[in-house]
Every structure is written in structure tokens, then in C-alpha cells.
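Source file model-v3.txt; content: compact mmCIF, N, CA and C atoms and all ligand atoms.
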```txt
# COMPACT_ATOMS: atom_id res chain seq x y z
N MET A 1 12.28 -19.51 -8.21
CA MET A 1 10.97 -18.84 -8.14
C MET A 1 10.24 -19.31 -6.90
N ALA A 2 9.37 -18.43 -6.44
CA ALA A 2 8.59 -18.75 -5.25
C ALA A 2 7.15 -18.33 -5.47
N VAL A 3 6.25 -18.99 -4.77
CA VAL A 3 4.86 -18.56 -4.82
C VAL A 3 4.74 -17.25 -4.04
N GLU A 4 4.17 -16.26 -4.69
CA GLU A 4 3.98 -14.93 -4.08
C GLU A 4 2.52 -14.53 -4.17
N ARG A 5 2.20 -13.46 -3.42
CA ARG A 5 0.89 -12.81 -3.55
C ARG A 5 1.11 -11.33 -3.87
N THR A 6 0.22 -10.77 -4.67
CA THR A 6 0.31 -9.36 -5.03
C THR A 6 -1.07 -8.74 -4.98
N LEU A 7 -1.11 -7.42 -4.71
CA LEU A 7 -2.39 -6.73 -4.73
C LEU A 7 -2.67 -6.20 -6.13
N SER A 8 -3.88 -6.46 -6.60
CA SER A 8 -4.34 -5.95 -7.89
C SER A 8 -5.58 -5.11 -7.66
N ILE A 9 -5.72 -4.05 -8.44
CA ILE A 9 -6.96 -3.27 -8.43
C ILE A 9 -7.42 -3.09 -9.87
N ILE A 10 -8.65 -3.48 -10.15
CA ILE A 10 -9.28 -3.13 -11.42
C ILE A 10 -9.90 -1.75 -11.22
N LYS A 11 -9.40 -0.77 -11.99
CA LYS A 11 -9.69 0.64 -11.73
C LYS A 11 -11.05 1.07 -12.31
N PRO A 12 -11.53 2.27 -11.92
CA PRO A 12 -12.88 2.69 -12.32
C PRO A 12 -13.11 2.78 -13.84
N ASP A 13 -12.06 3.08 -14.62
CA ASP A 13 -12.28 3.13 -16.08
C ASP A 13 -12.68 1.77 -16.60
N ALA A 14 -12.16 0.71 -15.97
CA ALA A 14 -12.45 -0.65 -16.43
C ALA A 14 -13.78 -1.17 -15.88
N THR A 15 -14.09 -0.88 -14.61
CA THR A 15 -15.39 -1.34 -14.10
C THR A 15 -16.52 -0.63 -14.84
N ARG A 16 -16.30 0.65 -15.20
CA ARG A 16 -17.31 1.43 -15.93
C ARG A 16 -17.64 0.77 -17.27
N ARG A 17 -16.62 0.18 -17.90
CA ARG A 17 -16.82 -0.45 -19.23
C ARG A 17 -17.09 -1.95 -19.11
N ASN A 18 -17.35 -2.43 -17.89
CA ASN A 18 -17.75 -3.83 -17.67
C ASN A 18 -16.67 -4.81 -18.11
N LEU A 19 -15.42 -4.50 -17.77
CA LEU A 19 -14.28 -5.29 -18.24
C LEU A 19 -13.71 -6.23 -17.17
N THR A 20 -14.38 -6.36 -16.02
CA THR A 20 -13.82 -7.19 -14.94
C THR A 20 -13.52 -8.61 -15.41
N GLY A 21 -14.44 -9.22 -16.09
CA GLY A 21 -14.25 -10.61 -16.53
C GLY A 21 -13.13 -10.75 -17.54
N LYS A 22 -13.07 -9.84 -18.49
CA LYS A 22 -12.01 -9.91 -19.50
C LYS A 22 -10.64 -9.72 -18.86
N ILE A 23 -10.55 -8.82 -17.87
CA ILE A 23 -9.26 -8.60 -17.19
C ILE A 23 -8.92 -9.82 -16.32
N ASN A 24 -9.92 -10.37 -15.63
CA ASN A 24 -9.64 -11.56 -14.82
C ASN A 24 -9.16 -12.73 -15.68
N ALA A 25 -9.69 -12.85 -16.90
CA ALA A 25 -9.23 -13.92 -17.80
C ALA A 25 -7.75 -13.75 -18.14
N LYS A 26 -7.29 -12.50 -18.26
CA LYS A 26 -5.86 -12.25 -18.52
C LYS A 26 -5.01 -12.78 -17.36
N PHE A 27 -5.47 -12.51 -16.12
CA PHE A 27 -4.71 -13.00 -14.96
C PHE A 27 -4.69 -14.52 -14.94
N GLU A 28 -5.85 -15.13 -15.12
CA GLU A 28 -5.94 -16.59 -15.03
C GLU A 28 -5.19 -17.25 -16.18
N ASP A 29 -5.35 -16.72 -17.38
CA ASP A 29 -4.62 -17.28 -18.53
C ASP A 29 -3.11 -17.11 -18.36
N GLY A 30 -2.72 -16.06 -17.62
CA GLY A 30 -1.30 -15.80 -17.37
C GLY A 30 -0.73 -16.57 -16.21
N GLY A 31 -1.51 -17.45 -15.61
CA GLY A 31 -0.98 -18.34 -14.58
C GLY A 31 -1.19 -17.87 -13.16
N LEU A 32 -1.97 -16.81 -12.97
CA LEU A 32 -2.23 -16.32 -11.62
C LEU A 32 -3.62 -16.77 -11.16
N ARG A 33 -3.75 -16.91 -9.86
CA ARG A 33 -5.00 -17.36 -9.24
C ARG A 33 -5.57 -16.21 -8.41
N ILE A 34 -6.85 -15.93 -8.57
CA ILE A 34 -7.51 -14.87 -7.79
C ILE A 34 -7.94 -15.50 -6.47
N VAL A 35 -7.20 -15.19 -5.39
CA VAL A 35 -7.47 -15.84 -4.10
C VAL A 35 -8.27 -14.96 -3.15
N ALA A 36 -8.54 -13.71 -3.57
CA ALA A 36 -9.45 -12.82 -2.85
C ALA A 36 -9.94 -11.77 -3.84
N GLN A 37 -11.18 -11.34 -3.66
CA GLN A 37 -11.72 -10.33 -4.58
C GLN A 37 -12.93 -9.66 -3.95
N LYS A 38 -12.97 -8.32 -4.02
CA LYS A 38 -14.18 -7.61 -3.59
C LYS A 38 -14.31 -6.30 -4.36
N ARG A 39 -15.56 -5.98 -4.71
CA ARG A 39 -15.85 -4.74 -5.43
C ARG A 39 -16.29 -3.71 -4.42
N VAL A 40 -15.61 -2.55 -4.42
CA VAL A 40 -15.89 -1.51 -3.42
C VAL A 40 -15.84 -0.14 -4.06
N GLN A 41 -16.43 0.82 -3.37
CA GLN A 41 -16.26 2.24 -3.69
C GLN A 41 -15.24 2.79 -2.69
N LEU A 42 -14.06 3.19 -3.16
CA LEU A 42 -13.05 3.75 -2.26
C LEU A 42 -13.48 5.13 -1.78
N SER A 43 -13.14 5.46 -0.54
CA SER A 43 -13.31 6.82 -0.04
C SER A 43 -12.10 7.64 -0.47
N LYS A 44 -12.24 8.97 -0.40
CA LYS A 44 -11.12 9.86 -0.72
C LYS A 44 -9.95 9.58 0.22
N ALA A 45 -10.25 9.40 1.50
CA ALA A 45 -9.18 9.15 2.48
C ALA A 45 -8.45 7.84 2.17
N GLN A 46 -9.18 6.81 1.78
CA GLN A 46 -8.54 5.53 1.43
C GLN A 46 -7.64 5.69 0.20
N ALA A 47 -8.15 6.38 -0.83
CA ALA A 47 -7.36 6.54 -2.06
C ALA A 47 -6.12 7.38 -1.78
N GLU A 48 -6.24 8.42 -0.98
CA GLU A 48 -5.09 9.26 -0.65
C GLU A 48 -4.05 8.46 0.14
N ALA A 49 -4.50 7.63 1.06
CA ALA A 49 -3.57 6.84 1.86
C ALA A 49 -2.91 5.77 1.01
N PHE A 50 -3.70 5.11 0.16
CA PHE A 50 -3.15 4.04 -0.68
C PHE A 50 -2.07 4.57 -1.60
N TYR A 51 -2.30 5.74 -2.20
CA TYR A 51 -1.34 6.33 -3.14
C TYR A 51 -0.45 7.37 -2.46
N GLY A 52 -0.29 7.28 -1.14
CA GLY A 52 0.50 8.25 -0.38
C GLY A 52 1.91 8.45 -0.90
N VAL A 53 2.51 7.40 -1.45
CA VAL A 53 3.87 7.49 -2.00
C VAL A 53 3.95 8.50 -3.14
N HIS A 54 2.82 8.76 -3.79
CA HIS A 54 2.79 9.70 -4.93
C HIS A 54 2.29 11.09 -4.53
N ARG A 55 2.19 11.37 -3.23
CA ARG A 55 1.56 12.60 -2.74
C ARG A 55 2.18 13.87 -3.34
N GLU A 56 3.49 13.85 -3.59
CA GLU A 56 4.18 15.05 -4.09
C GLU A 56 4.12 15.17 -5.62
N ARG A 57 3.58 14.17 -6.29
CA ARG A 57 3.57 14.19 -7.76
C ARG A 57 2.46 15.11 -8.25
N GLY A 58 2.69 15.73 -9.41
CA GLY A 58 1.72 16.67 -9.97
C GLY A 58 0.38 16.04 -10.27
N PHE A 59 0.36 14.73 -10.52
CA PHE A 59 -0.89 14.06 -10.89
C PHE A 59 -1.66 13.51 -9.70
N PHE A 60 -1.18 13.74 -8.46
CA PHE A 60 -1.76 13.08 -7.29
C PHE A 60 -3.26 13.37 -7.13
N ASN A 61 -3.64 14.66 -7.17
CA ASN A 61 -5.05 14.99 -6.92
C ASN A 61 -5.95 14.42 -8.00
N ASP A 62 -5.51 14.49 -9.24
CA ASP A 62 -6.28 13.90 -10.34
C ASP A 62 -6.41 12.39 -10.18
N LEU A 63 -5.31 11.77 -9.75
CA LEU A 63 -5.31 10.30 -9.58
C LEU A 63 -6.32 9.90 -8.50
N VAL A 64 -6.31 10.63 -7.38
CA VAL A 64 -7.26 10.32 -6.30
C VAL A 64 -8.70 10.52 -6.79
N SER A 65 -8.96 11.61 -7.50
CA SER A 65 -10.32 11.85 -8.02
C SER A 65 -10.74 10.73 -8.96
N PHE A 66 -9.82 10.31 -9.81
CA PHE A 66 -10.12 9.21 -10.74
C PHE A 66 -10.43 7.92 -9.98
N MET A 67 -9.63 7.61 -8.96
CA MET A 67 -9.78 6.33 -8.26
C MET A 67 -11.07 6.24 -7.45
N ILE A 68 -11.68 7.42 -7.16
CA ILE A 68 -12.97 7.40 -6.43
C ILE A 68 -14.14 7.74 -7.36
N SER A 69 -13.88 7.77 -8.68
CA SER A 69 -14.93 8.16 -9.64
C SER A 69 -15.92 7.03 -9.91
N GLY A 70 -15.66 5.85 -9.39
CA GLY A 70 -16.56 4.71 -9.57
C GLY A 70 -16.00 3.52 -8.80
N PRO A 71 -16.70 2.39 -8.86
CA PRO A 71 -16.24 1.22 -8.12
C PRO A 71 -14.91 0.68 -8.64
N VAL A 72 -14.19 0.05 -7.73
CA VAL A 72 -12.97 -0.69 -8.10
C VAL A 72 -13.15 -2.13 -7.63
N VAL A 73 -12.36 -3.03 -8.22
CA VAL A 73 -12.33 -4.41 -7.76
C VAL A 73 -10.95 -4.67 -7.17
N LEU A 74 -10.93 -4.92 -5.86
CA LEU A 74 -9.69 -5.21 -5.14
C LEU A 74 -9.47 -6.72 -5.18
N GLN A 75 -8.21 -7.11 -5.44
CA GLN A 75 -7.93 -8.53 -5.60
C GLN A 75 -6.58 -8.89 -5.00
N VAL A 76 -6.46 -10.11 -4.55
CA VAL A 76 -5.16 -10.70 -4.26
C VAL A 76 -4.92 -11.79 -5.29
N LEU A 77 -3.81 -11.68 -6.00
CA LEU A 77 -3.41 -12.66 -7.01
C LEU A 77 -2.26 -13.48 -6.46
N GLU A 78 -2.29 -14.78 -6.69
CA GLU A 78 -1.27 -15.68 -6.17
C GLU A 78 -0.70 -16.52 -7.30
N GLY A 79 0.61 -16.78 -7.22
CA GLY A 79 1.24 -17.67 -8.19
C GLY A 79 2.75 -17.54 -8.13
N GLU A 80 3.43 -18.34 -8.96
CA GLU A 80 4.88 -18.25 -9.07
C GLU A 80 5.25 -16.84 -9.50
N ASN A 81 6.14 -16.20 -8.75
CA ASN A 81 6.63 -14.87 -9.15
C ASN A 81 5.49 -13.88 -9.39
N ALA A 82 4.44 -13.96 -8.59
CA ALA A 82 3.19 -13.25 -8.90
C ALA A 82 3.37 -11.74 -9.07
N ILE A 83 4.31 -11.14 -8.32
CA ILE A 83 4.44 -9.68 -8.39
C ILE A 83 4.95 -9.26 -9.76
N ALA A 84 6.05 -9.87 -10.20
CA ALA A 84 6.60 -9.53 -11.52
C ALA A 84 5.70 -10.05 -12.65
N ARG A 85 5.13 -11.23 -12.44
CA ARG A 85 4.26 -11.81 -13.47
C ARG A 85 3.07 -10.88 -13.74
N ASN A 86 2.48 -10.37 -12.64
CA ASN A 86 1.33 -9.48 -12.81
C ASN A 86 1.74 -8.20 -13.53
N ARG A 87 2.93 -7.67 -13.22
CA ARG A 87 3.38 -6.45 -13.91
C ARG A 87 3.53 -6.73 -15.41
N GLU A 88 3.96 -7.94 -15.77
CA GLU A 88 4.07 -8.30 -17.20
C GLU A 88 2.69 -8.36 -17.85
N ILE A 89 1.74 -8.97 -17.13
CA ILE A 89 0.39 -9.12 -17.68
C ILE A 89 -0.28 -7.75 -17.83
N MET A 90 0.01 -6.84 -16.87
CA MET A 90 -0.56 -5.48 -16.92
C MET A 90 -0.01 -4.66 -18.07
N GLY A 91 1.31 -4.71 -18.28
CA GLY A 91 1.97 -3.86 -19.26
C GLY A 91 2.40 -2.54 -18.65
N ALA A 92 3.09 -1.73 -19.45
CA ALA A 92 3.67 -0.48 -18.97
C ALA A 92 2.60 0.49 -18.49
N THR A 93 3.00 1.36 -17.55
CA THR A 93 2.08 2.36 -16.97
C THR A 93 1.37 3.16 -18.05
N ASN A 94 2.16 3.64 -19.02
CA ASN A 94 1.59 4.39 -20.15
C ASN A 94 1.18 3.41 -21.24
N PRO A 95 -0.10 3.32 -21.57
CA PRO A 95 -0.52 2.32 -22.57
C PRO A 95 0.17 2.49 -23.91
N ALA A 96 0.66 3.71 -24.18
CA ALA A 96 1.39 3.93 -25.44
C ALA A 96 2.67 3.10 -25.49
N ASN A 97 3.19 2.74 -24.30
CA ASN A 97 4.42 1.95 -24.22
C ASN A 97 4.17 0.49 -23.88
N ALA A 98 2.91 0.08 -23.73
CA ALA A 98 2.60 -1.27 -23.27
C ALA A 98 2.69 -2.27 -24.42
N ALA A 99 3.20 -3.47 -24.09
CA ALA A 99 3.39 -4.52 -25.10
C ALA A 99 2.05 -5.10 -25.56
N GLU A 100 2.06 -5.63 -26.77
CA GLU A 100 0.88 -6.31 -27.33
C GLU A 100 0.39 -7.40 -26.37
N GLY A 101 -0.91 -7.50 -26.24
CA GLY A 101 -1.49 -8.57 -25.43
C GLY A 101 -1.63 -8.23 -23.96
N THR A 102 -1.02 -7.13 -23.52
CA THR A 102 -1.14 -6.75 -22.11
C THR A 102 -2.49 -6.07 -21.85
N ILE A 103 -2.87 -6.05 -20.57
CA ILE A 103 -4.14 -5.43 -20.19
C ILE A 103 -4.15 -3.96 -20.58
N ARG A 104 -3.06 -3.26 -20.25
CA ARG A 104 -3.05 -1.82 -20.52
C ARG A 104 -3.04 -1.52 -22.01
N LYS A 105 -2.35 -2.35 -22.80
CA LYS A 105 -2.36 -2.14 -24.26
C LYS A 105 -3.79 -2.30 -24.80
N GLU A 106 -4.48 -3.33 -24.32
CA GLU A 106 -5.81 -3.63 -24.88
C GLU A 106 -6.91 -2.74 -24.32
N PHE A 107 -6.78 -2.34 -23.04
CA PHE A 107 -7.94 -1.73 -22.38
C PHE A 107 -7.73 -0.31 -21.84
N ALA A 108 -6.49 0.10 -21.57
CA ALA A 108 -6.30 1.39 -20.91
C ALA A 108 -6.76 2.54 -21.79
N GLU A 109 -7.31 3.57 -21.14
CA GLU A 109 -7.77 4.77 -21.85
C GLU A 109 -6.67 5.83 -21.92
N SER A 110 -5.78 5.87 -20.90
CA SER A 110 -4.76 6.91 -20.81
C SER A 110 -3.73 6.48 -19.77
N ILE A 111 -2.66 7.27 -19.62
CA ILE A 111 -1.65 6.95 -18.59
C ILE A 111 -2.27 6.96 -17.20
N GLU A 112 -3.30 7.78 -16.99
CA GLU A 112 -3.97 7.79 -15.68
C GLU A 112 -5.03 6.69 -15.59
N ALA A 113 -5.94 6.66 -16.55
CA ALA A 113 -7.03 5.68 -16.55
C ALA A 113 -6.53 4.42 -17.24
N ASN A 114 -5.59 3.72 -16.54
CA ASN A 114 -4.89 2.60 -17.18
C ASN A 114 -5.35 1.24 -16.65
N SER A 115 -6.59 1.19 -16.19
CA SER A 115 -7.37 -0.05 -15.99
C SER A 115 -6.98 -0.93 -14.81
N VAL A 116 -5.69 -0.97 -14.44
CA VAL A 116 -5.27 -1.86 -13.35
C VAL A 116 -4.13 -1.25 -12.54
N HIS A 117 -4.10 -1.64 -11.27
CA HIS A 117 -2.95 -1.41 -10.38
C HIS A 117 -2.35 -2.76 -10.04
N GLY A 118 -1.03 -2.81 -9.89
CA GLY A 118 -0.36 -4.00 -9.37
C GLY A 118 0.81 -3.60 -8.49
N SER A 119 0.99 -4.29 -7.38
CA SER A 119 2.11 -4.00 -6.48
C SER A 119 3.42 -4.14 -7.24
N ASP A 120 4.47 -3.42 -6.73
CA ASP A 120 5.74 -3.41 -7.46
C ASP A 120 6.89 -4.14 -6.77
N ALA A 121 6.71 -4.64 -5.56
CA ALA A 121 7.80 -5.32 -4.84
C ALA A 121 7.20 -6.11 -3.67
N PRO A 122 7.95 -7.07 -3.13
CA PRO A 122 7.40 -7.89 -2.03
C PRO A 122 6.92 -7.06 -0.84
N GLU A 123 7.67 -6.01 -0.47
CA GLU A 123 7.30 -5.22 0.71
C GLU A 123 6.00 -4.46 0.45
N THR A 124 5.90 -3.82 -0.74
CA THR A 124 4.68 -3.07 -1.03
C THR A 124 3.50 -4.02 -1.22
N ALA A 125 3.74 -5.20 -1.78
CA ALA A 125 2.65 -6.16 -1.95
C ALA A 125 2.06 -6.53 -0.59
N ALA A 126 2.94 -6.81 0.37
CA ALA A 126 2.45 -7.19 1.70
C ALA A 126 1.69 -6.04 2.35
N GLN A 127 2.23 -4.81 2.22
CA GLN A 127 1.55 -3.65 2.81
C GLN A 127 0.20 -3.41 2.15
N GLU A 128 0.17 -3.49 0.81
CA GLU A 128 -1.06 -3.17 0.08
C GLU A 128 -2.13 -4.23 0.31
N ILE A 129 -1.73 -5.50 0.39
CA ILE A 129 -2.72 -6.55 0.69
C ILE A 129 -3.31 -6.31 2.07
N ALA A 130 -2.46 -6.01 3.05
CA ALA A 130 -2.95 -5.80 4.42
C ALA A 130 -3.80 -4.54 4.53
N PHE A 131 -3.57 -3.57 3.63
CA PHE A 131 -4.35 -2.33 3.64
C PHE A 131 -5.82 -2.62 3.33
N PHE A 132 -6.08 -3.61 2.48
CA PHE A 132 -7.45 -3.85 2.01
C PHE A 132 -8.08 -5.17 2.47
N PHE A 133 -7.26 -6.14 2.88
CA PHE A 133 -7.82 -7.46 3.17
C PHE A 133 -7.41 -7.97 4.54
N ALA A 134 -8.37 -8.56 5.25
CA ALA A 134 -8.07 -9.35 6.43
C ALA A 134 -7.58 -10.73 5.97
N GLY A 135 -6.74 -11.35 6.76
CA GLY A 135 -6.22 -12.66 6.40
C GLY A 135 -7.32 -13.68 6.11
N THR A 136 -8.43 -13.56 6.83
CA THR A 136 -9.53 -14.51 6.66
C THR A 136 -10.27 -14.33 5.34
N GLU A 137 -10.04 -13.20 4.65
CA GLU A 137 -10.70 -12.97 3.36
C GLU A 137 -9.92 -13.55 2.18
N ILE A 138 -8.73 -14.06 2.45
CA ILE A 138 -7.86 -14.61 1.40
C ILE A 138 -7.88 -16.12 1.51
N VAL A 139 -8.37 -16.78 0.46
CA VAL A 139 -8.55 -18.22 0.52
C VAL A 139 -7.83 -18.86 -0.68
N ALA A 140 -6.72 -19.51 -0.41
CA ALA A 140 -5.91 -20.07 -1.49
C ALA A 140 -6.53 -21.39 -1.99
P1 LIG A 201 2.13 1.80 -11.95
O1 LIG A 201 0.64 1.80 -11.71
O2 LIG A 201 2.48 1.24 -13.30
O3 LIG A 201 2.91 1.15 -10.84
P2 LIG A 201 3.00 4.38 -10.86
O4 LIG A 201 3.13 3.69 -9.55
O5 LIG A 201 4.18 5.16 -11.36
O6 LIG A 201 2.60 3.34 -12.02
O7 LIG A 201 1.78 5.39 -10.83
C1 LIG A 201 0.59 5.05 -10.14
C2 LIG A 201 -0.58 5.46 -11.00
O8 LIG A 201 -0.61 6.88 -11.13
C3 LIG A 201 -0.55 4.95 -12.46
O9 LIG A 201 -0.98 3.62 -12.61
C4 LIG A 201 -1.48 5.94 -13.13
O10 LIG A 201 -2.86 5.65 -12.87
C5 LIG A 201 -1.11 7.24 -12.41
N1 LIG A 201 -0.05 7.96 -13.12
C6 LIG A 201 1.28 7.64 -13.19
N2 LIG A 201 1.96 8.54 -13.92
C7 LIG A 201 1.06 9.45 -14.33
C8 LIG A 201 1.14 10.64 -15.11
N3 LIG A 201 2.30 11.07 -15.63
N4 LIG A 201 -0.01 11.35 -15.33
C9 LIG A 201 -1.19 10.93 -14.81
N5 LIG A 201 -1.33 9.82 -14.05
C10 LIG A 201 -0.23 9.09 -13.81
MG MG A 202 3.11 1.73 -8.86
```

Output the file's structure as C-alpha cells, nothing else.
Ligand code: ADP
Ligand code: MG
Amino acid sequence: MAVERTLSIIKPDATRRNLTGKINAKFEDGGLRIVAQKRVQLSKAQAEAFYGVHRERGFFNDLVSFMISGPVVLQVLEGENAIARNREIMGATNPANAAEGTIRKEFAESIEANSVHGSDAPETAAQEIAFFFAGTEIVA
């Protein structure tokens, strides 16, 4: 195992319900450290670029509208195996399939409004962190 960093986003459905602290407790209790964090309103262009890999999917336009429907909390999480660990803490994309105790099982409203984003591999983690954070904003 190695210490990794991953990009996390607390999505608008969760900020709307004031769940930032409860979700952060899941990360910290799960062994991850929040080494950068900022609450922002994404622009349409930012959301489209961030989710560009999904541009051809039928849900793309709805997803972009959802992601700009309210503030999000952008975070860098650090820890042993942080990318896979965070995916475990988040749970499956569809909350109907998410394991007990996961963020999505406890908090997600739907497959779209599923409360959190987490990077899926080392390459995407590095790209996604650089998309939102300057190196000087990340303090281990
Ligand atoms: P994950 O966030 O678990 O990595 P994906 O990368 O496949 O999942 O999808 C990105 C996001 O797009 C999901 O978190 C969810 O908000 C949305 N999404 C995925 N699949 C669907 C779907 N079938 N219908 C609506 N929204 C979806
Ligand atoms: Mg994904």
C-alpha cells in the first residue's frame, strides 16, 4: 500500500441538506485526512469539463444541471490506498446497491443525486486534483 491522494466532491444534494460535517466524519473515521477543502459554486463550463468523460451518456445534461444547482465542497483526501478506500467509504454509484454504512447508502437521494464524487484511478485522481487545486492549496 502507498499513501495516495484523491479528489472528493460533496455534491449539491448534500450541501443543500447541511451534510458536509457528517460526510467528512465518514472520511476521517475511515482513515482519510482532508488535506484541502473549499466550498464553491461550479460554473456550467467547469461542470461540463470535469464530467467530459461522460459527455456521450444520456444523463450528461441532467448531471451538469444537478452539479451546478447549488454549492459543492471540493476536497483532496489523503491516506493509505486513498483512491480505493474513498470508493469503499462512498459506496456504489446507485444507492440501491450501496453497502450498509456507506455515504451513498445513508445519504444519497438517487443514482444522480448521490452526495459524493470520488476519483476512480491514480491518473484521474491526479488530473481531477489539478483541475480544482493549486499545489499551494494542499497542506498535508
Ligand atoms: P461514480 O460517481 O460512482 O464514479 P460514474 O463515474 O459512473 O459514477 O458517474 C458519474 C456520476 O454521474 C454519478 O456519480 C452520478 O451522479 C451520475 N450518474 C451515473 N450514472 C447515472 C445514471 N444512470 N443516471 C443518472 N445519473 C447517473
Ligand atoms: Mg466516476

Between A:Met67, A:Ala45, A:Ala84, A:Leu74, which is the closest to Ile129 (chain A) once you count only C-alpha atoms?
-> A:Leu74

Test item: residues no farther than 6.5 Å from ligand MG 202 (chain A), counting all atoms listed in the file, as a PyMOL selection string = chain A and resi 118-120

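Of note, CA of Thr136 (chain A) and CA of Leu42 (chain A) are spaced 20.6 Å apart.
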
Test item: residues lying within 6 Å of ligand LIG 201 (chain A) with all atoms listed in the file, as a PyMOL selection string = chain A and resi 59+63+92-93+111-114+116-118

Write the residues of the selection above to a file with N, CA and C atoms, as a PDB file, in the frame of the given file.
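The result, stored in selection-v2.pdb:
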```
ATOM      1  N   PHE A  59       0.360  14.730 -10.520  1.00  0.00           N
ATOM      2  CA  PHE A  59      -0.890  14.060 -10.890  1.00  0.00           C
ATOM      3  C   PHE A  59      -1.660  13.510  -9.700  1.00  0.00           C
ATOM      4  N   LEU A  63      -5.310  11.770  -9.750  1.00  0.00           N
ATOM      5  CA  LEU A  63      -5.310  10.300  -9.580  1.00  0.00           C
ATOM      6  C   LEU A  63      -6.320   9.900  -8.500  1.00  0.00           C
ATOM      7  N   ALA A  92       3.090  -1.730 -19.450  1.00  0.00           N
ATOM      8  CA  ALA A  92       3.670  -0.480 -18.970  1.00  0.00           C
ATOM      9  C   ALA A  92       2.600   0.490 -18.490  1.00  0.00           C
ATOM     10  N   THR A  93       3.000   1.360 -17.550  1.00  0.00           N
ATOM     11  CA  THR A  93       2.080   2.360 -16.970  1.00  0.00           C
ATOM     12  C   THR A  93       1.370   3.160 -18.050  1.00  0.00           C
ATOM     13  N   ILE A 111      -2.660   7.270 -19.620  1.00  0.00           N
ATOM     14  CA  ILE A 111      -1.650   6.950 -18.590  1.00  0.00           C
ATOM     15  C   ILE A 111      -2.270   6.960 -17.200  1.00  0.00           C
ATOM     16  N   GLU A 112      -3.300   7.780 -16.990  1.00  0.00           N
ATOM     17  CA  GLU A 112      -3.970   7.790 -15.680  1.00  0.00           C
ATOM     18  C   GLU A 112      -5.030   6.690 -15.590  1.00  0.00           C
ATOM     19  N   ALA A 113      -5.940   6.660 -16.550  1.00  0.00           N
ATOM     20  CA  ALA A 113      -7.030   5.680 -16.550  1.00  0.00           C
ATOM     21  C   ALA A 113      -6.530   4.420 -17.240  1.00  0.00           C
ATOM     22  N   ASN A 114      -5.590   3.720 -16.540  1.00  0.00           N
ATOM     23  CA  ASN A 114      -4.890   2.600 -17.180  1.00  0.00           C
ATOM     24  C   ASN A 114      -5.350   1.240 -16.650  1.00  0.00           C
ATOM     25  N   VAL A 116      -5.690  -0.970 -14.440  1.00  0.00           N
ATOM     26  CA  VAL A 116      -5.270  -1.860 -13.350  1.00  0.00           C
ATOM     27  C   VAL A 116      -4.130  -1.250 -12.540  1.00  0.00           C
ATOM     28  N   HIS A 117      -4.100  -1.640 -11.270  1.00  0.00           N
ATOM     29  CA  HIS A 117      -2.950  -1.410 -10.380  1.00  0.00           C
ATOM     30  C   HIS A 117      -2.350  -2.760 -10.040  1.00  0.00           C
ATOM     31  N   GLY A 118      -1.030  -2.810  -9.890  1.00  0.00           N
ATOM     32  CA  GLY A 118      -0.360  -4.000  -9.370  1.00  0.00           C
ATOM     33  C   GLY A 118       0.810  -3.600  -8.490  1.00  0.00           C
TER      34      GLY A 118
END
```

May I have the residues within 8 Å of Gly101 (chain A) as an NGL selection string, using all atoms listed in the file and disregarding those fewer than 6 positions away in the same chain?
-> :A and (26 or 88-91 or 107)

May I have the residues from that selection written out with N, CA and C atoms, as a compact mmCIF listing (two decimals), keeping the file's coordinate frame?
```
# COMPACT_ATOMS: atom_id res chain seq x y z
N LYS A 26 -7.29 -12.50 -18.26
CA LYS A 26 -5.86 -12.25 -18.52
C LYS A 26 -5.01 -12.78 -17.36
N GLU A 88 3.96 -7.94 -15.77
CA GLU A 88 4.07 -8.30 -17.20
C GLU A 88 2.69 -8.36 -17.85
N ILE A 89 1.74 -8.97 -17.13
CA ILE A 89 0.39 -9.12 -17.68
C ILE A 89 -0.28 -7.75 -17.83
N MET A 90 0.01 -6.84 -16.87
CA MET A 90 -0.56 -5.48 -16.92
C MET A 90 -0.01 -4.66 -18.07
N GLY A 91 1.31 -4.71 -18.28
CA GLY A 91 1.97 -3.86 -19.26
C GLY A 91 2.40 -2.54 -18.65
N PHE A 107 -6.78 -2.34 -23.04
CA PHE A 107 -7.94 -1.73 -22.38
C PHE A 107 -7.73 -0.31 -21.84
```

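Counting only N, CA and C atoms and comparing A:Arg33, A:Leu19, A:Glu123, A:Pro12, the residue that lies closest to Ile68 (chain A) is A:Pro12.
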
Please, what is the axis-aligned box for every listed atom of region 57-76 of chain A with 3 Å on each side, as centre and edge lengths in Å to one decimal, as AutoDock Vina command-line options?
```
--center_x -6.6 --center_y 2.4 --center_z -7.6 --size_x 26.3 --size_y 34.5 --size_z 12.6
```
